[in-house]
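Participant: Let me give you the structure first, and then I'll get to my questions.
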Amino acid sequence: MMRFREIYEIWRRDNSLNLALKESYEMLEKTHSMFQESVNLLRDVATTRMNLNIYEEDQGINAYQIQVRRRVLRYLAIAGMVDLVPGLVLTSIVIDIERIGDYTKNISELATTYPRKLDCGRFEQRVGDVEQIVEKLFGEIRGILESSNRQAARRLIDECSGIRTDVDEIIAELVKGDDESMGGAQTAVVALYVRYLKRVGAHLLNILSSVVNPFERIGYREQDQTQ
């Protein structure tokens, strides 16, 4: 099994993959900015307009993904089956980044359709915790990829993977509808918002899993942590 550190070194050495890697990082930075902008518009009463055009940014993310695929194909045309895995792993990562852009766009659409600051009522603290988890993932993921640090990847996965359960519990409580302090529109927007947060977090965790897992298990739990 090829270790992630070996894969990363191939990304750095090969000209096509190195360019694709840099574009992948630019995609990640763009999606982070899009995420922050969308969340601020939905959650901050002082933010009434976006400094970014989310739709243009999302189109830019799509263009990056197409370019990365071209570069990976160029690499594979030369490397053939000898070093197939590095191209497959990088392609998997950019797919996750593109999906993050889509869910970020969904948050921005919530912000434009919901006319005021989103107050999550009695769920405010729990939703805030989920937001912090996603921010933590965004903040640390590039450094872990660059260092190929499996222990750091495992630590962050363990620390943040609870986002799935946390969001599912919030949504289950919202569906029960036993909180009369929240109106129907507010309840619906909170449910959609945490669902989008969960998906953004899940795709970031998928990317992290590429550091500890072989290609076929990217996006799943690591089976063996003894190596």
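Each chain of the structure tokens is named A, B, ... in the order shown, its residues numbered from 1; ligands are numbered from 1 in display order.
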Which neighbours of segment 169-181 of chain A fall inside 9 Å, counting only C-alpha atoms, when residues of the same chain fewer than 4 positions from it are skipped, and could you give them as a list of chain:residue names?

Facilitator: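 After dropping sequence-adjacent residues, the list is A:Gly121, A:Arg122, A:Phe123, A:Arg126, A:Val127, A:Arg164, A:Thr165, A:Thr187, A:Ala188, A:Val190, A:Ala191, A:Leu192, A:Val194, A:Arg195.
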
Participant: Go through segment 110-217 of chain A and collect every residue that DSSP, computed from the backbone, puts in helix (DSSP H, G or I); the answer should be as JSON, numbers by chain.

Facilitator: {"A": [110, 111, 112, 113, 121, 122, 123, 124, 125, 126, 127, 128, 129, 130, 131, 132, 133, 134, 135, 136, 137, 138, 139, 140, 141, 142, 143, 144, 145, 146, 147, 150, 151, 152, 153, 154, 155, 156, 157, 158, 159, 160, 163, 164, 165, 166, 167, 168, 169, 170, 171, 172, 173, 174, 175, 176, 184, 185, 186, 187, 188, 189, 190, 191, 192, 193, 194, 195, 196, 197, 198, 199, 200, 201, 202, 203, 204, 205, 206, 207, 208, 209, 210, 211, 212, 215, 216, 217]}

Participant: Using only C-alpha atoms, which residues sit within 12 Å of Ser33 of chain A once same-chain residues fewer than 2 positions away are excluded, as a list in words?

Facilitator: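 Listed by chain and then number, they are Glu26, Met27, Leu28, Glu29, Lys30, Thr31, Phe35, Gln36, Glu37, Ser38, Val39, Asn40, Met50, Asn51, Leu52, Asn53, Ile54, Glu57, Asp58, Ile61, Ile100, Gly101, Thr104, Lys105, Glu135, Phe138 and Gly139 of chain A.
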
Participant: For Ser92 of chain A, which of A:Ala202, A:Ile207, A:Val212, A:Ala63 is the closest residue, counting only C-alpha atoms?

Facilitator: A:Ile207

Participant: Which residue gives the smallest distance to Leu73 of chain A among A:Tyr193, A:Leu90, A:Arg5, A:Ile97, with only C-alpha atoms counted?

Facilitator: A:Leu90
